[in-house]
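**Student:** Dropping a structure here in structure tokens format, bear with me for questions.
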Amino acid sequence: MTLDFDRMPSLVQPRFKGGQGEAETRIFQDDMGKILRLTLQPGSSIGLHTHEDSCEIMYFLSGTGVCLDDGAEVPVGPGLCHYCPRGHSHSVVNTGTEPLVILGIVPNAK
């Protein structure tokens, strides 16, 4: 199966997971989980949240930012991958001047 995010409907979500600004998401979801492309504009963020029932893998495609990973601030950018195991918390902030584009995979998402 090939996923073409550019052909998927775009959903703009203000204060995504309690964050700042807006997140644009394009999501594929089935009974096994979800795969999404998420775009944060400069100054926007994903709010701090805990993965109670699943993990999340984030691969950073473009832009720069900071990931709050169980309380530690970690710079992120193109080519880096962040893993948030089940039971752990994270958030992401676009600290750059360009959109921060993320490929996210959430197995077993409900």
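Residue numbering restarts at 1 for every chain of the structure tokens, chains are lettered A, B, ... in their displayed order, and ligands are numbered from 1 as they appear.
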I'd like the neighbourhood of range 43-57 of chain A as a VMD selection string, where a residue qualifies if any of its atoms comes within 8 Å (using only C-alpha atoms), though same-chain residues fewer than 2 positions away should be ignored.
**Tutor:** chain A and resid 15 to 23 40 to 41 59 68 81 to 96 104 to 109
**Student:** For Asp4 in chain A, which residue out of A:Glu24, A:Arg37, A:Pro99, A:Gly71 is the nearest one, using only C-alpha atoms?
**Tutor:**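 Among A:Glu24, A:Arg37, A:Pro99, A:Gly71, it is A:Arg37 that comes nearest to Asp4 in chain A.
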**Student:** One decimal, in Å: what's the spacing between CA of Val76 in chain A and CA of Thr25 in chain A?
**Tutor:**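 About the pair CA of Val76 in chain A and CA of Thr25 in chain A: they are 18.9 Å apart.
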**Student:** I need the strand (DSSP E) residues of chain A per DSSP on the backbone, written as a PyMOL selection string.
**Tutor:** chain A and resi 11-14+22-30+33-40+45-50+56-62+65-69+72-76+81-84+89-94+100-107
**Student:** Where does DSSP see helix (DSSP H, G or I) in chain A, if you list the residues as an NGL selection string?
**Tutor:** :A and (5-7 or 16-18)
**Student:** Restrict the selected residues to all heavy atoms and save them as a PDB file, in the first residue's frame.
**Tutor:**
```pdb
ATOM      1  N   PHE A   5       0.142  11.465   1.267  1.00  0.00           N
ATOM      2  CA  PHE A   5      -0.394  12.432   2.215  1.00  0.00           C
ATOM      3  C   PHE A   5      -0.930  13.676   1.526  1.00  0.00           C
ATOM      4  O   PHE A   5      -1.870  14.299   2.011  1.00  0.00           O
ATOM      5  CB  PHE A   5       0.666  12.804   3.254  1.00  0.00           C
ATOM      6  CG  PHE A   5       0.966  11.688   4.213  1.00  0.00           C
ATOM      7  CD1 PHE A   5       2.133  10.957   4.098  1.00  0.00           C
ATOM      8  CD2 PHE A   5       0.072  11.353   5.225  1.00  0.00           C
ATOM      9  CE1 PHE A   5       2.407   9.921   4.985  1.00  0.00           C
ATOM     10  CE2 PHE A   5       0.338  10.320   6.104  1.00  0.00           C
ATOM     11  CZ  PHE A   5       1.513   9.602   5.981  1.00  0.00           C
ATOM     12  N   ASP A   6      -0.344  14.050   0.388  1.00  0.00           N
ATOM     13  CA  ASP A   6      -0.812  15.242  -0.314  1.00  0.00           C
ATOM     14  C   ASP A   6      -2.236  15.087  -0.833  1.00  0.00           C
ATOM     15  O   ASP A   6      -2.919  16.070  -1.082  1.00  0.00           O
ATOM     16  CB  ASP A   6       0.123  15.590  -1.467  1.00  0.00           C
ATOM     17  CG  ASP A   6       1.463  16.096  -0.979  1.00  0.00           C
ATOM     18  OD1 ASP A   6       1.511  16.682   0.123  1.00  0.00           O
ATOM     19  OD2 ASP A   6       2.466  15.905  -1.690  1.00  0.00           O
ATOM     20  N   ARG A   7      -2.696  13.857  -1.000  1.00  0.00           N
ATOM     21  CA  ARG A   7      -4.067  13.615  -1.481  1.00  0.00           C
ATOM     22  C   ARG A   7      -5.056  13.352  -0.358  1.00  0.00           C
ATOM     23  O   ARG A   7      -6.242  13.203  -0.607  1.00  0.00           O
ATOM     24  CB  ARG A   7      -4.068  12.446  -2.453  1.00  0.00           C
ATOM     25  CG  ARG A   7      -3.364  12.803  -3.735  1.00  0.00           C
ATOM     26  CD  ARG A   7      -3.514  11.719  -4.730  1.00  0.00           C
ATOM     27  NE  ARG A   7      -3.098  12.240  -6.018  1.00  0.00           N
ATOM     28  CZ  ARG A   7      -3.342  11.672  -7.153  1.00  0.00           C
ATOM     29  NH1 ARG A   7      -3.999  10.538  -7.186  1.00  0.00           N
ATOM     30  NH2 ARG A   7      -2.920  12.205  -8.278  1.00  0.00           N
ATOM     31  N   PHE A  16      -3.333  21.610  19.424  1.00  0.00           N
ATOM     32  CA  PHE A  16      -3.251  20.153  19.312  1.00  0.00           C
ATOM     33  C   PHE A  16      -2.720  19.546  20.611  1.00  0.00           C
ATOM     34  O   PHE A  16      -1.654  19.898  21.083  1.00  0.00           O
ATOM     35  CB  PHE A  16      -2.350  19.795  18.123  1.00  0.00           C
ATOM     36  CG  PHE A  16      -2.340  18.338  17.775  1.00  0.00           C
ATOM     37  CD1 PHE A  16      -3.446  17.723  17.218  1.00  0.00           C
ATOM     38  CD2 PHE A  16      -1.203  17.575  17.984  1.00  0.00           C
ATOM     39  CE1 PHE A  16      -3.429  16.377  16.878  1.00  0.00           C
ATOM     40  CE2 PHE A  16      -1.172  16.239  17.633  1.00  0.00           C
ATOM     41  CZ  PHE A  16      -2.293  15.640  17.091  1.00  0.00           C
ATOM     42  N   LYS A  17      -3.499  18.670  21.210  1.00  0.00           N
ATOM     43  CA  LYS A  17      -3.165  18.011  22.488  1.00  0.00           C
ATOM     44  C   LYS A  17      -2.858  19.035  23.582  1.00  0.00           C
ATOM     45  O   LYS A  17      -2.054  18.786  24.472  1.00  0.00           O
ATOM     46  CB  LYS A  17      -1.978  17.051  22.329  1.00  0.00           C
ATOM     47  CG  LYS A  17      -2.176  15.986  21.280  1.00  0.00           C
ATOM     48  CD  LYS A  17      -2.374  14.656  21.913  1.00  0.00           C
ATOM     49  CE  LYS A  17      -2.460  13.585  20.836  1.00  0.00           C
ATOM     50  NZ  LYS A  17      -3.429  12.597  21.149  1.00  0.00           N
ATOM     51  N   GLY A  18      -3.456  20.242  23.479  1.00  0.00           N
ATOM     52  CA  GLY A  18      -3.237  21.286  24.478  1.00  0.00           C
ATOM     53  C   GLY A  18      -2.048  22.190  24.191  1.00  0.00           C
ATOM     54  O   GLY A  18      -1.688  23.010  25.035  1.00  0.00           O
TER      55      GLY A  18
END
```
**Student:** Distance CA of Pro78 in chain A-CA of Phe60 in chain A, one decimal place?
**Tutor:**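 Computed distance, CA of Pro78 in chain A to CA of Phe60 in chain A, equals 4.9 Å.
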**Student:** Kindly give the distance, in Å, that separates CA of Gly63 in chain A and CA of Thr2 in chain A, rounded to a single decimal.
**Tutor:**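 Distance between the two atoms: 24.2 Å.
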**Student:** Go through A:Val74, A:Leu38, A:Cys67, A:Met58 one by one, measure the shortest atom-to-atom distance of each to Leu100 in chain A using only C-alpha atoms, and give the residue with the smallest value.
**Tutor:** A:Leu38
**Student:** Between A:Asp70, A:Leu3, A:Val12, A:Gly79, which residue has the minimum interatomic distance to Lys34 in chain A, considering only C-alpha atoms?
**Tutor:**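 Of A:Asp70, A:Leu3, A:Val12, A:Gly79, the one nearest Lys34 in chain A, counting only C-alpha atoms, is A:Leu3.
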